>>> print(open('upload_33.cif').read())   # mmCIF, C-alpha atoms
data_start
#
loop_
_atom_site.label_atom_id
_atom_site.label_comp_id
_atom_site.auth_asym_id
_atom_site.auth_seq_id
_atom_site.Cartn_x
_atom_site.Cartn_y
_atom_site.Cartn_z
CA MET W 1 0.00 0.00 0.00
CA LYS W 2 1.27 3.47 -0.92
CA ASN W 3 0.80 5.92 1.96
CA ILE W 4 1.21 9.10 -0.03
CA ILE W 5 -0.28 9.97 -3.40
CA THR W 6 0.92 13.11 -5.14
CA ILE W 7 -1.08 14.50 -8.04
CA SER W 8 0.47 16.88 -10.56
CA ARG W 9 -2.00 18.13 -13.12
CA GLU W 10 -2.66 20.28 -16.12
CA PHE W 11 -5.30 22.95 -15.74
CA GLY W 12 -8.75 21.55 -16.44
CA SER W 13 -7.76 17.92 -15.94
CA GLY W 14 -9.85 17.58 -12.79
CA GLY W 15 -6.95 17.10 -10.39
CA ARG W 16 -8.83 18.37 -7.32
CA THR W 17 -11.97 16.35 -8.03
CA ILE W 18 -10.03 13.16 -8.73
CA GLY W 19 -7.69 13.68 -5.77
CA LYS W 20 -10.60 14.21 -3.37
CA GLN W 21 -12.39 11.07 -4.54
CA VAL W 22 -9.22 8.99 -4.27
CA ALA W 23 -8.68 10.23 -0.70
CA GLN W 24 -12.28 9.41 0.18
CA LYS W 25 -12.09 5.89 -1.26
CA LEU W 26 -8.85 5.14 0.56
CA GLY W 27 -10.01 6.90 3.73
CA ILE W 28 -6.96 9.19 3.89
CA GLU W 29 -6.37 12.96 4.13
CA PHE W 30 -6.59 15.38 1.19
CA TYR W 31 -4.39 18.47 0.88
CA ASP W 32 -4.67 21.14 -1.78
CA ARG W 33 -5.21 24.81 -0.83
CA ASP W 34 -4.29 23.97 2.80
CA ILE W 35 -0.68 23.89 1.69
CA ILE W 36 -0.74 27.59 0.78
CA THR W 37 -2.14 28.58 4.19
CA LYS W 38 0.54 26.57 5.94
CA VAL W 39 3.33 27.94 3.73
CA VAL W 40 2.17 31.50 4.48
CA GLU W 41 2.34 30.76 8.23
CA GLU W 42 5.67 29.01 7.93
CA SER W 43 7.45 31.49 5.68
CA GLY W 44 6.14 34.86 6.83
CA LEU W 45 5.56 35.72 3.16
CA THR W 46 2.25 37.25 2.08
CA ARG W 47 -0.53 35.03 0.79
CA LYS W 48 -0.45 36.87 -2.51
CA TYR W 49 3.24 36.15 -2.96
CA VAL W 50 2.88 32.48 -2.05
CA GLU W 51 -0.10 32.01 -4.35
CA HIS W 52 1.60 33.75 -7.24
CA TYR W 53 4.96 31.95 -7.03
CA GLY W 54 3.36 28.70 -5.97
CA GLU W 55 1.77 28.61 -9.41
CA PHE W 56 3.86 30.74 -11.72
CA ALA W 57 7.51 30.75 -12.63
CA PRO W 58 9.64 33.60 -11.36
CA SER W 59 10.57 35.80 -14.27
CA ALA W 60 12.52 38.95 -14.82
CA ASP W 61 9.58 41.11 -13.69
CA ARG W 62 11.17 41.79 -10.28
CA PHE W 63 7.80 41.04 -8.66
CA ALA W 64 9.51 38.08 -7.05
CA TYR W 65 11.63 40.42 -4.96
CA SER W 66 9.26 43.33 -4.48
CA PHE W 67 7.15 42.13 -1.51
CA VAL W 68 9.74 41.29 1.07
CA GLY W 69 13.47 41.70 1.44
CA LEU W 70 16.16 39.11 2.08
CA ASP W 71 15.85 36.78 5.06
CA GLU W 72 18.26 37.17 7.99
CA ASP W 73 20.41 34.36 6.59
CA GLY W 74 20.57 36.22 3.30
CA SER W 75 18.22 33.93 1.37
CA SER W 76 15.79 35.40 -1.13
CA PRO W 77 11.99 35.19 -0.66
CA LEU W 78 11.86 32.58 -3.39
CA THR W 79 14.20 30.36 -1.41
CA GLN W 80 12.08 31.02 1.67
CA LEU W 81 8.98 30.00 -0.26
CA TRP W 82 10.61 26.78 -1.43
CA LYS W 83 12.00 25.91 2.00
CA ALA W 84 8.62 26.49 3.64
CA ARG W 85 6.90 24.43 0.98
CA GLU W 86 9.33 21.55 1.46
CA LYS W 87 8.87 21.65 5.21
CA VAL W 88 5.05 21.78 5.08
CA ILE W 89 4.75 18.94 2.56
CA ARG W 90 7.24 16.70 4.36
CA GLN W 91 5.32 17.35 7.58
CA PHE W 92 1.94 16.48 6.03
CA ALA W 93 3.44 13.32 4.54
CA GLN W 94 5.02 12.41 7.87
CA GLU W 95 1.84 12.80 9.91
CA LYS W 96 -0.57 10.48 8.10
CA PRO W 97 -1.38 8.88 4.75
CA CYS W 98 -2.68 11.51 2.32
CA VAL W 99 -3.31 12.76 -1.21
CA ILE W 100 -1.44 15.98 -2.09
CA VAL W 101 -2.39 18.00 -5.19
CA GLY W 102 0.20 20.29 -6.78
CA SER W 103 3.07 22.15 -5.10
CA CYS W 104 5.81 19.95 -6.64
CA ALA W 105 5.04 17.38 -3.92
CA ASP W 106 6.13 14.54 -6.23
CA TYR W 107 9.62 16.05 -6.36
CA ILE W 108 9.80 16.97 -2.67
CA LEU W 109 8.85 13.41 -1.67
CA ARG W 110 10.92 11.72 -4.39
CA ASP W 111 12.91 9.66 -1.86
CA ARG W 112 9.87 8.13 -0.17
CA GLU W 113 9.27 4.67 -1.56
CA ASP W 114 5.70 4.59 -0.24
CA CYS W 115 4.74 7.51 -2.50
CA LEU W 116 2.72 7.08 -5.71
CA ARG W 117 3.41 9.95 -8.12
CA VAL W 118 0.53 10.65 -10.52
CA PHE W 119 0.36 13.07 -13.45
CA LEU W 120 -3.04 14.02 -14.89
CA TYR W 121 -3.48 15.67 -18.26
CA ALA W 122 -6.25 16.34 -20.73
CA ASP W 123 -6.85 17.20 -24.36
CA ASP W 124 -7.91 20.74 -25.33
CA GLU W 125 -11.58 19.78 -25.72
CA THR W 126 -11.81 18.47 -22.17
CA LYS W 127 -10.02 21.54 -20.84
CA GLU W 128 -12.39 23.89 -22.68
CA GLU W 129 -15.36 22.06 -21.22
CA ARG W 130 -13.89 22.67 -17.79
CA ILE W 131 -13.34 26.37 -18.51
CA ARG W 132 -16.96 26.61 -19.68
CA GLU W 133 -18.05 25.12 -16.35
CA ILE W 134 -16.04 27.70 -14.44
CA TYR W 135 -16.41 30.84 -16.56
CA GLY W 136 -19.58 30.20 -18.55
CA LYS W 137 -18.11 30.58 -21.99
CA VAL W 138 -14.80 30.15 -23.74
CA GLY W 139 -13.40 33.16 -25.58
CA LEU W 140 -10.12 33.14 -27.45
CA LYS W 141 -8.51 35.26 -24.76
CA LEU W 142 -9.54 32.82 -22.05
CA LYS W 143 -8.33 29.92 -24.14
CA ASN W 144 -4.92 31.51 -24.49
CA GLN W 145 -4.83 32.25 -20.78
CA VAL W 146 -5.43 28.61 -19.94
CA GLN W 147 -2.71 27.44 -22.31
CA ASP W 148 -0.52 30.00 -20.66
CA MET W 149 -1.41 28.64 -17.24
CA ASP W 150 -0.06 25.18 -18.12
CA LYS W 151 3.08 26.68 -19.57
CA ARG W 152 3.58 28.65 -16.36
CA ARG W 153 2.95 25.63 -14.17
CA GLY W 154 5.54 23.79 -16.23
CA LEU W 155 8.08 26.57 -15.88
CA ASN W 156 7.41 26.90 -12.17
CA TYR W 157 8.00 23.16 -11.70
CA GLN W 158 11.16 23.30 -13.76
CA TYR W 159 12.43 26.35 -11.88
CA PHE W 160 12.10 24.73 -8.48
CA THR W 161 12.90 21.09 -9.31
CA GLY W 162 15.19 21.22 -12.35
CA GLN W 163 12.98 18.49 -13.86
CA GLU W 164 10.70 18.55 -16.87
CA TRP W 165 6.99 18.83 -16.04
CA GLY W 166 4.74 16.21 -17.61
CA LYS W 167 7.54 13.91 -18.71
CA ALA W 168 6.13 10.41 -18.15
CA GLN W 169 9.41 9.12 -16.70
CA ASN W 170 9.10 11.40 -13.67
CA TYR W 171 5.91 9.71 -12.48
CA ASP W 172 4.66 6.24 -11.56
CA LEU W 173 1.42 6.73 -13.38
CA ALA W 174 0.30 9.28 -15.98
CA LEU W 175 -3.37 9.37 -16.93
CA ASN W 176 -5.26 11.06 -19.74
CA ARG W 177 -8.34 12.35 -17.94
CA GLY W 178 -9.87 13.30 -21.28
CA SER W 179 -10.00 9.83 -22.80
CA LEU W 180 -10.32 7.83 -19.57
CA GLY W 181 -12.85 10.00 -17.71
CA ILE W 182 -12.87 10.95 -14.03
CA ASP W 183 -14.28 7.71 -12.58
CA LYS W 184 -11.75 5.52 -14.40
CA CYS W 185 -8.89 7.77 -13.28
CA VAL W 186 -10.03 7.48 -9.66
CA GLN W 187 -10.33 3.71 -9.98
CA LEU W 188 -6.87 3.30 -11.54
CA ILE W 189 -5.13 5.48 -8.96
CA VAL W 190 -6.80 3.61 -6.08
CA GLU W 191 -5.81 0.31 -7.67
CA ALA W 192 -2.22 1.42 -8.22
CA ALA W 193 -1.95 2.56 -4.58
CA GLU W 194 -3.30 -0.67 -3.15
CA GLU W 195 -1.05 -3.69 -2.51
CA MET N 196 -14.35 -1.78 -23.77
CA LYS N 197 -11.29 -0.78 -25.80
CA ASN N 198 -10.75 -3.15 -28.74
CA ILE N 199 -7.16 -2.22 -29.47
CA ILE N 200 -4.33 -1.70 -27.00
CA THR N 201 -1.07 -0.27 -28.30
CA ILE N 202 2.04 -0.53 -26.15
CA SER N 203 5.02 1.76 -26.72
CA ARG N 204 7.92 0.95 -24.45
CA GLU N 205 11.43 1.74 -23.39
CA PHE N 206 13.96 -1.07 -23.68
CA GLY N 207 13.91 -3.27 -20.59
CA SER N 208 10.49 -2.14 -19.41
CA GLY N 209 8.92 -5.56 -20.10
CA GLY N 210 6.65 -4.43 -22.94
CA ARG N 211 6.42 -7.87 -24.57
CA THR N 212 5.79 -9.71 -21.30
CA ILE N 213 3.17 -7.23 -20.14
CA GLY N 214 1.51 -7.05 -23.56
CA LYS N 215 1.24 -10.85 -23.80
CA GLN N 216 -0.32 -11.15 -20.35
CA VAL N 217 -2.82 -8.37 -21.09
CA ALA N 218 -3.82 -10.12 -24.33
CA GLN N 219 -4.23 -13.42 -22.48
CA LYS N 220 -6.36 -11.90 -19.72
CA LEU N 221 -8.62 -10.13 -22.22
CA GLY N 222 -8.66 -13.14 -24.57
CA ILE N 223 -7.51 -11.09 -27.58
CA GLU N 224 -4.69 -11.36 -30.16
CA PHE N 225 -1.10 -10.29 -29.50
CA TYR N 226 1.15 -8.82 -32.22
CA ASP N 227 4.82 -8.01 -31.86
CA ARG N 228 7.43 -9.56 -34.20
CA ASP N 229 4.61 -10.69 -36.53
CA ILE N 230 4.38 -7.11 -37.73
CA ILE N 231 7.91 -7.23 -39.17
CA THR N 232 7.17 -10.43 -41.11
CA LYS N 233 4.03 -8.89 -42.56
CA VAL N 234 5.77 -5.61 -43.42
CA VAL N 235 8.51 -7.56 -45.25
CA GLU N 236 5.84 -9.39 -47.30
CA GLU N 237 3.89 -6.23 -47.94
CA SER N 238 6.76 -3.91 -48.87
CA GLY N 239 9.15 -6.18 -50.74
CA LEU N 240 11.97 -4.74 -48.60
CA THR N 241 14.48 -7.10 -46.97
CA ARG N 242 13.94 -8.29 -43.42
CA LYS N 243 17.24 -6.70 -42.39
CA TYR N 244 16.09 -3.32 -43.70
CA VAL N 245 12.68 -3.51 -42.05
CA GLU N 246 14.17 -4.61 -38.71
CA HIS N 247 16.79 -1.90 -38.78
CA TYR N 248 14.52 1.00 -39.72
CA GLY N 249 11.64 -0.38 -37.72
CA GLU N 250 13.74 0.30 -34.65
CA PHE N 251 16.30 2.94 -35.49
CA ALA N 252 16.05 6.41 -36.89
CA PRO N 253 17.22 6.97 -40.43
CA SER N 254 20.42 8.98 -40.30
CA ALA N 255 22.91 10.33 -42.78
CA ASP N 256 24.63 6.94 -43.10
CA ARG N 257 23.04 6.25 -46.48
CA PHE N 258 22.22 2.71 -45.28
CA ALA N 259 18.59 3.70 -45.58
CA TYR N 260 18.93 3.91 -49.34
CA SER N 261 21.53 1.22 -49.99
CA PHE N 262 19.37 -1.91 -50.07
CA VAL N 263 16.78 -1.07 -52.65
CA GLY N 264 16.18 1.71 -55.11
CA LEU N 265 13.16 3.94 -55.55
CA ASP N 266 9.74 2.37 -55.97
CA GLU N 267 7.98 2.62 -59.34
CA ASP N 268 5.97 5.60 -58.03
CA GLY N 269 9.24 7.27 -57.06
CA SER N 270 8.85 6.81 -53.32
CA SER N 271 11.91 6.01 -51.23
CA PRO N 272 12.27 2.70 -49.36
CA LEU N 273 11.65 4.55 -46.09
CA THR N 274 8.29 5.72 -47.40
CA GLN N 275 7.56 2.16 -48.55
CA LEU N 276 8.43 0.88 -45.09
CA TRP N 277 6.10 3.39 -43.45
CA LYS N 278 3.24 2.75 -45.89
CA ALA N 279 3.54 -1.02 -45.42
CA ARG N 280 3.64 -0.60 -41.67
CA GLU N 281 0.54 1.58 -41.69
CA LYS N 282 -1.32 -0.92 -43.87
CA VAL N 283 -0.35 -3.97 -41.80
CA ILE N 284 -1.25 -2.36 -38.47
CA ARG N 285 -4.56 -0.96 -39.72
CA GLN N 286 -5.37 -4.42 -41.08
CA PHE N 287 -4.55 -6.19 -37.79
CA ALA N 288 -6.62 -3.62 -35.90
CA GLN N 289 -9.49 -4.05 -38.36
CA GLU N 290 -9.62 -7.85 -38.14
CA LYS N 291 -10.06 -8.43 -34.41
CA PRO N 292 -9.39 -6.97 -30.95
CA CYS N 293 -5.65 -7.10 -30.19
CA VAL N 294 -2.61 -5.85 -28.31
CA ILE N 295 0.12 -4.36 -30.55
CA VAL N 296 3.62 -3.73 -29.20
CA GLY N 297 5.83 -1.11 -30.86
CA SER N 298 5.84 0.01 -34.51
CA CYS N 299 4.31 3.45 -33.79
CA ALA N 300 0.90 1.72 -33.66
CA ASP N 301 -0.39 4.36 -31.21
CA TYR N 302 0.19 7.03 -33.85
CA ILE N 303 -1.07 4.98 -36.81
CA LEU N 304 -4.32 4.22 -34.95
CA ARG N 305 -4.68 7.70 -33.42
CA ASP N 306 -8.12 8.24 -34.94
CA ARG N 307 -9.66 5.06 -33.53
CA GLU N 308 -11.61 5.92 -30.40
CA ASP N 309 -11.65 2.29 -29.26
CA CYS N 310 -7.85 2.30 -28.93
CA LEU N 311 -6.05 2.50 -25.57
CA ARG N 312 -2.57 3.94 -26.01
CA VAL N 313 -0.11 2.81 -23.33
CA PHE N 314 3.49 3.90 -22.71
CA LEU N 315 5.74 1.76 -20.50
CA TYR N 316 8.99 2.99 -19.04
CA ALA N 317 11.44 1.98 -16.34
CA ASP N 318 14.25 3.38 -14.20
CA ASP N 319 17.89 2.48 -14.96
CA GLU N 320 18.07 -0.13 -12.20
CA THR N 321 15.12 -2.08 -13.59
CA LYS N 322 16.55 -1.89 -17.09
CA GLU N 323 19.94 -3.15 -15.95
CA GLU N 324 18.26 -6.09 -14.25
CA ARG N 325 16.62 -6.91 -17.54
CA ILE N 326 19.92 -6.68 -19.44
CA ARG N 327 21.48 -8.99 -16.86
CA GLU N 328 18.71 -11.51 -17.54
CA ILE N 329 19.38 -11.38 -21.27
CA TYR N 330 23.17 -11.00 -21.45
CA GLY N 331 24.37 -12.37 -18.12
CA LYS N 332 26.24 -9.29 -16.95
CA VAL N 333 26.11 -5.55 -17.43
CA GLY N 334 29.28 -3.89 -18.67
CA LEU N 335 29.62 -0.17 -19.26
CA LYS N 336 29.54 -0.71 -23.01
CA LEU N 337 26.29 -2.65 -22.84
CA LYS N 338 24.81 -0.01 -20.55
CA ASN N 339 25.60 2.70 -23.05
CA GLN N 340 24.18 0.60 -25.87
CA VAL N 341 20.87 0.25 -24.05
CA GLN N 342 20.65 3.97 -23.39
CA ASP N 343 21.43 4.41 -27.03
CA MET N 344 18.64 2.03 -27.98
CA ASP N 345 16.00 4.17 -26.22
CA LYS N 346 17.39 7.29 -27.84
CA ARG N 347 17.14 5.60 -31.22
CA ARG N 348 13.62 4.37 -30.61
CA GLY N 349 12.70 7.91 -29.67
CA LEU N 350 14.27 9.35 -32.81
CA ASN N 351 12.66 6.69 -35.00
CA TYR N 352 9.24 7.52 -33.53
CA GLN N 353 9.82 11.22 -34.00
CA TYR N 354 11.04 10.72 -37.57
CA PHE N 355 7.95 8.83 -38.65
CA THR N 356 5.26 10.53 -36.56
CA GLY N 357 6.54 14.06 -35.91
CA GLN N 358 5.57 13.55 -32.26
CA GLU N 359 7.70 13.32 -29.15
CA TRP N 360 8.23 9.80 -27.83
CA GLY N 361 7.42 9.25 -24.16
CA LYS N 362 5.56 12.52 -23.70
CA ALA N 363 2.68 11.62 -21.37
CA GLN N 364 0.20 13.74 -23.34
CA ASN N 365 0.47 11.42 -26.36
CA TYR N 366 -0.92 8.42 -24.46
CA ASP N 367 -3.98 7.45 -22.46
CA LEU N 368 -1.95 5.73 -19.81
CA ALA N 369 1.77 5.85 -18.98
CA LEU N 370 3.11 3.38 -16.44
CA ASN N 371 6.41 3.10 -14.58
CA ARG N 372 7.10 -0.62 -14.75
CA GLY N 373 10.02 -0.17 -12.35
CA SER N 374 8.03 1.14 -9.40
CA LEU N 375 4.72 -0.59 -10.16
CA GLY N 376 6.00 -4.04 -11.17
CA ILE N 377 4.81 -6.26 -14.03
CA ASP N 378 1.66 -7.69 -12.37
CA LYS N 379 0.35 -4.26 -11.39
CA CYS N 380 0.97 -2.90 -14.87
CA VAL N 381 -0.98 -5.80 -16.41
CA GLN N 382 -3.82 -5.25 -13.95
CA LEU N 383 -4.02 -1.49 -14.59
CA ILE N 384 -4.00 -1.86 -18.38
CA VAL N 385 -6.73 -4.52 -18.28
CA GLU N 386 -8.77 -2.30 -15.96
CA ALA N 387 -8.32 0.76 -18.18
CA ALA N 388 -9.40 -1.23 -21.24
CA GLU N 389 -12.54 -2.62 -19.65
CA GLU N 390 -15.75 -0.65 -19.59
#
>>> encode(input="upload_33.cif", output="structure tokens")
Amino acid sequence: MKNIITISREFGSGGRTIGKQVAQKLGIEFYDRDIITKVVEESGLTRKYVEHYGEFAPSADRFAYSFVGLDEDGSSPLTQLWKAREKVIRQFAQEKPCVIVGSCADYILRDREDCLRVFLYADDETKEERIREIYGKVGLKLKNQVQDMDKRRGLNYQYFTGQEWGKAQNYDLALNRGSLGIDKCVQLIVEAAEE
Amino acid sequence: MKNIITISREFGSGGRTIGKQVAQKLGIEFYDRDIITKVVEESGLTRKYVEHYGEFAPSADRFAYSFVGLDEDGSSPLTQLWKAREKVIRQFAQEKPCVIVGSCADYILRDREDCLRVFLYADDETKEERIREIYGKVGLKLKNQVQDMDKRRGLNYQYFTGQEWGKAQNYDLALNRGSLGIDKCVQLIVEAAEE
């Protein structure tokens, strides 16, 4: 039995929904937005900063350094964010079996053998359906923004981990939520986690 | 129920073994080396040529053009190889439900909605174990050759399909045979194929 399940996901692939259902079926904890709250507490950074750089890649826009100054040990806020994130996720994983969505948890917990690393992705049609659910309709601008969101998630992951996001070899299990559907994804993850 | 299961795989990830067991469990046909025999018949190319360019990417070594000349319609032997491969695989898939290992079948059958596209990969340790089984011991030269083999498979796939090999988004299901083990991989593929 795998004690920890990490879910990395493209936007619109139903990562939260699938993660929650997996946690319910296995009777274990589910962490998603809770991680941000804990990282804010842990790091002393603002929620806005943590949310922004938890999702997007630091760029040359200087925003990354504009909220807070250097820590007393001279580390930048980005390093503080990463350190806090590592600490929070390791702590969650230490306390009890759980499902963790996002936050590079697959990389942070890469040395734990009882961790199942899942990647969820979807075709454009499925993603657009999801955007329609959230925003009502899909304009070209929104479509571009969503494509942008995945690119940013990828860059963020690469920035912090040095690994390529969405490369099958970095996961135990990669599932196409578009072709398989939500229920089948839940079923396969549960099955993969069980002995 | 998915009628066709295509398995793309890294060397040493147990693609043949897993594919055979899946076919047995589902009571459907299994095609692997049979494809080469059929492509040889279909294309009029030599077995050596089909085996070589069925696995490796055409390069500047001119070997690709040294066995046979241009076809009567002016197409190169590489085009003949690809056309024959497409025809053979579409025919197999048309006749009855089956598992097909290798030969870019996932790409050739990309428009069939009843096709489950699987990618199997493994970590270096698992691959070395497999080489040890086949060759007795793992020297540095052999190790490099195996790494080379995956690179070549990747280039071959890219040459013929224009897609990236091993990119999760090109498959329905990507499984790490190293961490999951053979039995679990078989179980998950069967489960994903069933309604």
>>> interface_residues(input="upload_33.cif", of="chain W", to="chain N", cutoff="8 Å", atoms="all atoms listed in the file", output="PDB file with C-alpha atoms, in the frame of the given file")
ATOM      1  CA  TYR W 121      -3.480  15.670 -18.260  1.00  0.00           C
ATOM      2  CA  ALA W 122      -6.250  16.340 -20.730  1.00  0.00           C
ATOM      3  CA  ASP W 123      -6.850  17.200 -24.360  1.00  0.00           C
ATOM      4  CA  GLY W 166       4.740  16.210 -17.610  1.00  0.00           C
ATOM      5  CA  LYS W 167       7.540  13.910 -18.710  1.00  0.00           C
ATOM      6  CA  ALA W 168       6.130  10.410 -18.150  1.00  0.00           C
ATOM      7  CA  GLN W 169       9.410   9.120 -16.700  1.00  0.00           C
ATOM      8  CA  TYR W 171       5.910   9.710 -12.480  1.00  0.00           C
ATOM      9  CA  ASP W 172       4.660   6.240 -11.560  1.00  0.00           C
ATOM     10  CA  LEU W 173       1.420   6.730 -13.380  1.00  0.00           C
ATOM     11  CA  ALA W 174       0.300   9.280 -15.980  1.00  0.00           C
ATOM     12  CA  LEU W 175      -3.370   9.370 -16.930  1.00  0.00           C
ATOM     13  CA  ASN W 176      -5.260  11.060 -19.740  1.00  0.00           C
ATOM     14  CA  ARG W 177      -8.340  12.350 -17.940  1.00  0.00           C
ATOM     15  CA  SER W 179     -10.000   9.830 -22.800  1.00  0.00           C
ATOM     16  CA  LEU W 180     -10.320   7.830 -19.570  1.00  0.00           C
ATOM     17  CA  LYS W 184     -11.750   5.520 -14.400  1.00  0.00           C
ATOM     18  CA  LEU W 188      -6.870   3.300 -11.540  1.00  0.00           C
ATOM     19  CA  GLU W 191      -5.810   0.310  -7.670  1.00  0.00           C
ATOM     20  CA  ALA W 192      -2.220   1.420  -8.220  1.00  0.00           C
TER      21      ALA W 192
END
>>> resolve_selection(input="upload_33.cif", expression="the PyMOL selection byres ((chain W and resi 149) around 12)", output="short mmCIF file (atom, residue, chain, number, x, y, z; two decimals) with C-alpha atoms, in the coordinates of the input")
data_model
loop_
_atom_site.label_atom_id
_atom_site.label_comp_id
_atom_site.auth_asym_id
_atom_site.auth_seq_id
_atom_site.Cartn_x
_atom_site.Cartn_y
_atom_site.Cartn_z
CA ARG W 9 -2.00 18.13 -13.12
CA GLU W 10 -2.66 20.28 -16.12
CA PHE W 11 -5.30 22.95 -15.74
CA GLY W 12 -8.75 21.55 -16.44
CA HIS W 52 1.60 33.75 -7.24
CA GLU W 55 1.77 28.61 -9.41
CA PHE W 56 3.86 30.74 -11.72
CA ALA W 57 7.51 30.75 -12.63
CA LYS W 127 -10.02 21.54 -20.84
CA LEU W 142 -9.54 32.82 -22.05
CA LYS W 143 -8.33 29.92 -24.14
CA ASN W 144 -4.92 31.51 -24.49
CA GLN W 145 -4.83 32.25 -20.78
CA VAL W 146 -5.43 28.61 -19.94
CA GLN W 147 -2.71 27.44 -22.31
CA ASP W 148 -0.52 30.00 -20.66
CA ASP W 150 -0.06 25.18 -18.12
CA LYS W 151 3.08 26.68 -19.57
CA ARG W 152 3.58 28.65 -16.36
CA ARG W 153 2.95 25.63 -14.17
CA GLY W 154 5.54 23.79 -16.23
CA LEU W 155 8.08 26.57 -15.88
CA ASN W 156 7.41 26.90 -12.17
#
>>> atom_distance(input="upload_33.cif", atom1="atom CA of N:Pro272", atom2="atom CA of N:Asp229")
20.1 Å
>>> atom_distance(input="upload_33.cif", atom1="atom CA of W:Val99", atom2="atom CA of W:Ile28")
7.2 Å
>>> closest_residue(input="upload_33.cif", among="W:Asp106, W:Asp114, W:Glu128, W:Glu133", to="W:Lys2", atoms="all atoms listed in the file")
W:Asp114
>>> atom_distance(input="upload_33.cif", atom1="atom CA of N:Ile284", atom2="atom CA of N:Ile326")
28.8 Å
>>> resolve_selection(input="upload_33.cif", expression="the PyMOL selection byres ((chain N and resi 240) around 10)", output="PyMOL selection string")
chain N and resi 234-239+241-245+262-263+272-273+275-276+279
>>> write_last_selection(input="upload_33.cif", atoms="C-alpha atoms", output="mmCIF file, in the coordinates of the input")
data_model
loop_
_atom_site.group_PDB
_atom_site.id
_atom_site.type_symbol
_atom_site.label_atom_id
_atom_site.label_comp_id
_atom_site.auth_asym_id
_atom_site.auth_seq_id
_atom_site.Cartn_x
_atom_site.Cartn_y
_atom_site.Cartn_z
ATOM 1 C CA VAL N 234 5.770 -5.610 -43.420
ATOM 2 C CA VAL N 235 8.510 -7.560 -45.250
ATOM 3 C CA GLU N 236 5.840 -9.390 -47.300
ATOM 4 C CA GLU N 237 3.890 -6.230 -47.940
ATOM 5 C CA SER N 238 6.760 -3.910 -48.870
ATOM 6 C CA GLY N 239 9.150 -6.180 -50.740
ATOM 7 C CA THR N 241 14.480 -7.100 -46.970
ATOM 8 C CA ARG N 242 13.940 -8.290 -43.420
ATOM 9 C CA LYS N 243 17.240 -6.700 -42.390
ATOM 10 C CA TYR N 244 16.090 -3.320 -43.700
ATOM 11 C CA VAL N 245 12.680 -3.510 -42.050
ATOM 12 C CA PHE N 262 19.370 -1.910 -50.070
ATOM 13 C CA VAL N 263 16.780 -1.070 -52.650
ATOM 14 C CA PRO N 272 12.270 2.700 -49.360
ATOM 15 C CA LEU N 273 11.650 4.550 -46.090
ATOM 16 C CA GLN N 275 7.560 2.160 -48.550
ATOM 17 C CA LEU N 276 8.430 0.880 -45.090
ATOM 18 C CA ALA N 279 3.540 -1.020 -45.420
#
>>> resolve_selection(input="upload_33.cif", expression="the PyMOL selection byres ((chain W and resi 102) around 9)", output="MDAnalysis selection string")
chainID W and resid 6:9 15 32 55 100:101 103:106
